[in-house]
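Structure first, commentary second.
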Amino acid sequence: MKLTVNGKMLSAEPAPGQCLRTFLRDHGWFGVKKGCDQGDCGACTVWLDGVPFHSCLVPAFRAEGHDVTTIEGLARDGKLHPIQQAFLDAQAFQCGYCAAGMIMTSATFDQDARADLPRLLKGNLCRCTGYHSIDDALHGVVNVEQDVAGKACGASLRSPYAEAIVTGQAHYTLDVPPMDGMLHLKVLRSPHPHARIKSIKRDAALAVPGVVAVFTWEDVPRKLYSTATHEDHLVDPDDTYILDNIVRFVGQRVAAVVAETEGAAEEACRKLEVDYELLPTVFDAEAAMEPSTPILHDKKSIAYRDNIYVDIHGELGSVEQGFAAADAIHEMTYSTSRAQHVHLETHGSLSWRSEDGRLHIRTSSQAPFIAKQKICYLFGLFDRQVHVFTERVGGGFGGKQEMLSEDLCALATLKTGRPVMWEFTREEQFIGATTRHPMTTHVKLGAKKDGTLTALQVRVVSNTGAYGNHGGETLAAALGSPIAAYRCPNKKADGYAVYTNTVPGGGFRGYGATQTTFAIECAMDDLARLLGIDPFEIRRINKVRATDRIESIWKEVSDVMFGSYGIDQCLDLVEKSLKSGRGLPKPEGDAWLEGTGVALAMLESGPPTEHRSGAEMRLLADGSYHLAVGSTEMGNGSATSHRQIAASVLNTRASNIALINGNTDATPYDTGTFASTGTVVAGQAVEKAARALRDKLLEYASRNSGCAASECSLQDDAIICANRKIPLTELYAEGAKAGDRFDVIRKAYLSPRSVGFNVHGVRLAVHRVTGEIMVLQSVHAADIGRLINPMQCRGQIDGAIAMGFGWTLYENMVFNENGAVVNPALRDYRIPAFADVPRSEIYFADTYDTVGPLGAKAQGECAINPVAPAIANAVANATGVRFPDLPLTPDRIFDKLRS
Ligand code: FES
Ligand code: FES
């Protein structure tokens, strides 16, 4: 068939049944993304004769004779389309994966349409931004500031990838032309929640034309490992095989097929005949702790007790005495749901061997260095034989702190010698990736009449699913900062991470603390109500003080300290704003009940596990700089921050620094980009490297000019020595002649760790008949130290708030009686769309951290933590009824208000 794509004639035949999205990508138009392939996300939006369509829903043959425009064809004569420019000016993206589709849809709006964005953008989802920067772009707001030498830190500078993102030139993990001989991998997943595989017949699958190999548990190294990635692998249980003969949840890998086409691999998966012996199941975490329930893991190497993978206990003081001394006691059980990350770019990897025999893996990972270590371990390879790297990563939120696709691709490449690509479907994200651990938290608080806490006790049961990746660490985090945020002489906690026959939990923004912050902050409000004390006041009375030791339930010395302290400012900012009368008025009518709610959260800047990062800096011949950092950029903005930190130290422009990251061959080691370490640890390595390079340059200039070092200073493109200006190009050339190189490498190690604070406030209305919740005002204050890039900090917080709204109000993975997820699609598992996210007022405490780089602290993680309890507290305030279980869906509210 013939069609025009971006003004060029294309003559090609689509495969039978092929959709336009994959057809366009087959012809190199990688700006056409996949977020779902089901018409729900809009990442694949293109124009057909000027009208936007979700190309995954359009059969390719329907494009015959038509004019197709993709993001790559939107700019004309080298000039960006006004909407591309607007997205650039407002930086209306973070990971940027949704941007192409968002721009293609928005570029068709006229001025009138912009008044109706909630409706017109309902088919385009973004998981990162919270939509406010997109709204800014479509209303002509410019968020980006000028890049001025010496003023990088504190400026809202654009991402180094901005232009590539808005033009569709940014290449994500699988945006590469097919390699010679490339195979596609597909996985057969278990329909049973617990079963032993007695046999797998592969003849019919192998007979499918194009099928090259089938791999089962008999073909993989029989080595246990954890899919979780941490510096110290001992913090996660080695309870997983690449492929196993026991399946423990619906969706677990059973077999992998590689074939010449995805279609052939899929068909072969359907033809595999698996004989299962069904085993008894348990889905509920409390039930799984009973001695009589089936034991899921019986490996000798790990101590399992009644499916409890790990239990944590601790007490400071005596809660018994604390409750005896209390004038009032509140206790209740609160629970949270299982949620999915829904990063728009699904998991995926591409592996191949180079001529020298090395194994290369291009992957969508938050931790390529740890993924490499695991691959070396699993396949018995030396470090030098493996190369793992990331390109653009389309979101992660903790979901990619996991090795979920690299291992099977590596296996298939090592077995066949051919390149292998594997991309998760959206359904696989729900049934075969990881999730937020559902936790049930019983909280008991005792206090004096004046509100002073005398005892704080929690019991947490975390459903870690069929495997323990992150189960122990998220439980430790759940029992850490949410408890340490309050001073109380008597604290006790008991926590259990429990195996069940459900899809595994994993790391997810907030990392366990999100769940217990919900419980403790709701309980704190319930206690305040019992005592007749204002919710702000009870928090002021009991919050941890700057002079306090930061402690939860452990007696051991910790490396957590106050590098800065801004909780008071955060509480004041939110309270003042809620009292200002801003926001929407309560809807008219007696059926609407109005209420306000507040919650606070504290979180360590970085994980308690070891964390290391390195940065390498070089002066280049043209006077610019090269910066190599091992951390991954996935939309968290660390690459932008790193350039700004380096530019600040070197007194230059951020654009004068070329950056490469996340590549085990080309960058220094980094544990991974998670737990807010991108800025805090990798940023420290960058600061150290930039300082070392600056000192080296100044010392060289001083030595060669004869000026005292104190008379030399570094400017944008030169060194000033007394009255003499030495261009950096000249300095480089002189150094090269003399055999001197201006390069340095520095490493950072995370210790001590500072803490950040976030306070969220909400005013809302609840409809007493329908159970609908309407947010009237949303206010957030954050103490994240110095803002390296204010626009980016606001964006991270906007995104975290939006994610918090989704989790609070509707996001919930629903399971049937067989343990299967019944809503594994974006139309059924709803994430916030443009219309769903109210614009939040965001404020920052004025603090400067003494631990983080240039005064900065963690920014992207903790902001989600106070959102759910603030909303739940506002609902309780409005209705007089506590809803202790998330999500707060209208049916639950209706049922309880009616009863
Ligand atoms: S990929 Fe087409 S709508 Fe999601
Ligand atoms: S920027 Fe929209 S999905 Fe990441």
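A note on labels: chains of the structure tokens are A, B, ... as shown, every chain counts residues from 1, and ligands are counted from 1 in their shown order.
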**Request:** Could the residues that lie within 8 Å of ligand 1, counting only C-alpha atoms and all ligand atoms, be listed as a PyMOL selection string?
**Result:** chain A and resi 21+33-45+54-57+123-124
**Shell around A:Thr4 at 9 Å using only C-alpha atoms, local window under 4 positions removed, as a list in words** = Lys8, Met9, Leu10, Ser11, Ala63, Glu64, Gly65, His66, Asp67, Val68 and Thr69 of chain A
**Atom-to-atom span, atom CA of A:Lys186 and atom CA of A:Glu72, Å** = 29.6 Å
**Message:** Can you pull out every residue from stretch 401-575 of chain A that DSSP, working from the backbone, puts in alpha helix (DSSP H), and format the result as a ChimeraX atom specification?
**Reply:** /A:406-416,426-432,471-478,481-484,513-531,535-542,567-575
**Environment of ligand 2 within 6 Å, counting only C-alpha atoms and all ligand atoms, reported as a PyMOL selection string** = chain A and resi 93-98+126-129+344+394-395
**Message:** List as a ChimeraX atom specification the protein and nucleic acid residues near stretch 540-554 of chain A, meaning an atom at most 9 Å away when only C-alpha atoms are counted, but skip any in the same chain fewer than 5 places from it.
**Reply:** /A:313-316,450-453,479-488,490-493,535,560-562,564-568,571
**Message:** For A:Ala802, find every residue with an atom within 12 Å (counting only C-alpha atoms), except residues of its own chain fewer than 5 positions away, and show them as an MDAnalysis selection string.
**Reply:** chainID A and resid 125:132 778 780 795:797 807:811 831:840 863:865 867:868
**Message:** Ranking A:Phe742, A:Tyr625, A:Tyr749, A:Tyr276 by minimum distance to A:Ala658 and counting only C-alpha atoms, which one comes first?
**Reply:**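 Using only C-alpha atoms, A:Ala658 sits closest to A:Tyr625.
Proximity of A:Leu750, A:Met104, A:Ile361, A:Val258 to A:Gly73, computed with only C-alpha atoms, is greatest for A:Met104.
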**Fill in**
Counting only C-alpha atoms, the residue among A:Glu521, A:Asp180, A:Glu163, A:Asp136 that lies closest to A:Gly417 is A:Asp180
**Prompt:** Between A:Ala60, A:Cys376, A:Ala870, A:Ala639, which one has atoms that come closest to A:Leu359, using only C-alpha atoms?
**Reply:**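 The shortest atom-to-atom distance to A:Leu359 comes from A:Cys376.
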**Message:** Residues near A:Lys725, anyone? I mean within 10 Å using only C-alpha atoms, not counting same-chain ones fewer than 6 positions away, as a ChimeraX atom specification.
**Reply:** /A:712-715,717-719
Selection from above, all heavy atoms, as a PDB file, in the first residue's frame, can you write it?
```pdb
ATOM      1  N   CYS A 712      43.676  33.530  40.828  1.00  0.00           N
ATOM      2  CA  CYS A 712      43.075  32.870  39.658  1.00  0.00           C
ATOM      3  C   CYS A 712      41.622  32.503  39.956  1.00  0.00           C
ATOM      4  O   CYS A 712      41.306  32.033  41.053  1.00  0.00           O
ATOM      5  CB  CYS A 712      43.837  31.594  39.314  1.00  0.00           C
ATOM      6  SG  CYS A 712      45.555  31.895  38.870  1.00  0.00           S
ATOM      7  N   SER A 713      40.778  32.723  38.983  1.00  0.00           N
ATOM      8  CA  SER A 713      39.373  32.321  39.162  1.00  0.00           C
ATOM      9  C   SER A 713      38.834  31.772  37.841  1.00  0.00           C
ATOM     10  O   SER A 713      39.282  32.160  36.754  1.00  0.00           O
ATOM     11  CB  SER A 713      38.523  33.506  39.641  1.00  0.00           C
ATOM     12  OG  SER A 713      38.515  34.496  38.644  1.00  0.00           O
ATOM     13  N   LEU A 714      37.859  30.878  37.999  1.00  0.00           N
ATOM     14  CA  LEU A 714      37.289  30.220  36.826  1.00  0.00           C
ATOM     15  C   LEU A 714      36.051  30.979  36.377  1.00  0.00           C
ATOM     16  O   LEU A 714      35.181  31.304  37.186  1.00  0.00           O
ATOM     17  CB  LEU A 714      36.927  28.787  37.220  1.00  0.00           C
ATOM     18  CG  LEU A 714      36.554  27.797  36.136  1.00  0.00           C
ATOM     19  CD1 LEU A 714      37.605  27.696  35.049  1.00  0.00           C
ATOM     20  CD2 LEU A 714      36.335  26.422  36.765  1.00  0.00           C
ATOM     21  N   GLN A 715      36.008  31.274  35.077  1.00  0.00           N
ATOM     22  CA  GLN A 715      34.806  31.885  34.509  1.00  0.00           C
ATOM     23  C   GLN A 715      34.229  30.957  33.461  1.00  0.00           C
ATOM     24  O   GLN A 715      34.799  29.918  33.174  1.00  0.00           O
ATOM     25  CB  GLN A 715      35.145  33.239  33.914  1.00  0.00           C
ATOM     26  CG  GLN A 715      35.424  34.271  34.996  1.00  0.00           C
ATOM     27  CD  GLN A 715      35.406  35.670  34.440  1.00  0.00           C
ATOM     28  OE1 GLN A 715      35.464  35.861  33.235  1.00  0.00           O
ATOM     29  NE2 GLN A 715      35.351  36.652  35.329  1.00  0.00           N
ATOM     30  N   ASP A 717      34.154  30.491  30.250  1.00  0.00           N
ATOM     31  CA  ASP A 717      34.950  29.829  29.225  1.00  0.00           C
ATOM     32  C   ASP A 717      36.447  30.127  29.361  1.00  0.00           C
ATOM     33  O   ASP A 717      37.210  29.961  28.417  1.00  0.00           O
ATOM     34  CB  ASP A 717      34.476  30.268  27.836  1.00  0.00           C
ATOM     35  CG  ASP A 717      34.500  31.787  27.700  1.00  0.00           C
ATOM     36  OD1 ASP A 717      34.862  32.464  28.691  1.00  0.00           O
ATOM     37  OD2 ASP A 717      34.155  32.294  26.620  1.00  0.00           O
ATOM     38  N   ALA A 718      36.837  30.641  30.518  1.00  0.00           N
ATOM     39  CA  ALA A 718      38.241  31.035  30.661  1.00  0.00           C
ATOM     40  C   ALA A 718      38.636  31.051  32.135  1.00  0.00           C
ATOM     41  O   ALA A 718      37.783  30.993  33.025  1.00  0.00           O
ATOM     42  CB  ALA A 718      38.449  32.431  30.058  1.00  0.00           C
ATOM     43  N   ILE A 719      39.955  31.157  32.340  1.00  0.00           N
ATOM     44  CA  ILE A 719      40.446  31.367  33.706  1.00  0.00           C
ATOM     45  C   ILE A 719      41.073  32.753  33.741  1.00  0.00           C
ATOM     46  O   ILE A 719      41.845  33.141  32.843  1.00  0.00           O
ATOM     47  CB  ILE A 719      41.471  30.290  34.087  1.00  0.00           C
ATOM     48  CG1 ILE A 719      40.741  28.948  34.232  1.00  0.00           C
ATOM     49  CG2 ILE A 719      42.174  30.649  35.388  1.00  0.00           C
ATOM     50  CD1 ILE A 719      41.593  27.810  34.684  1.00  0.00           C
TER      51      ILE A 719
END
```
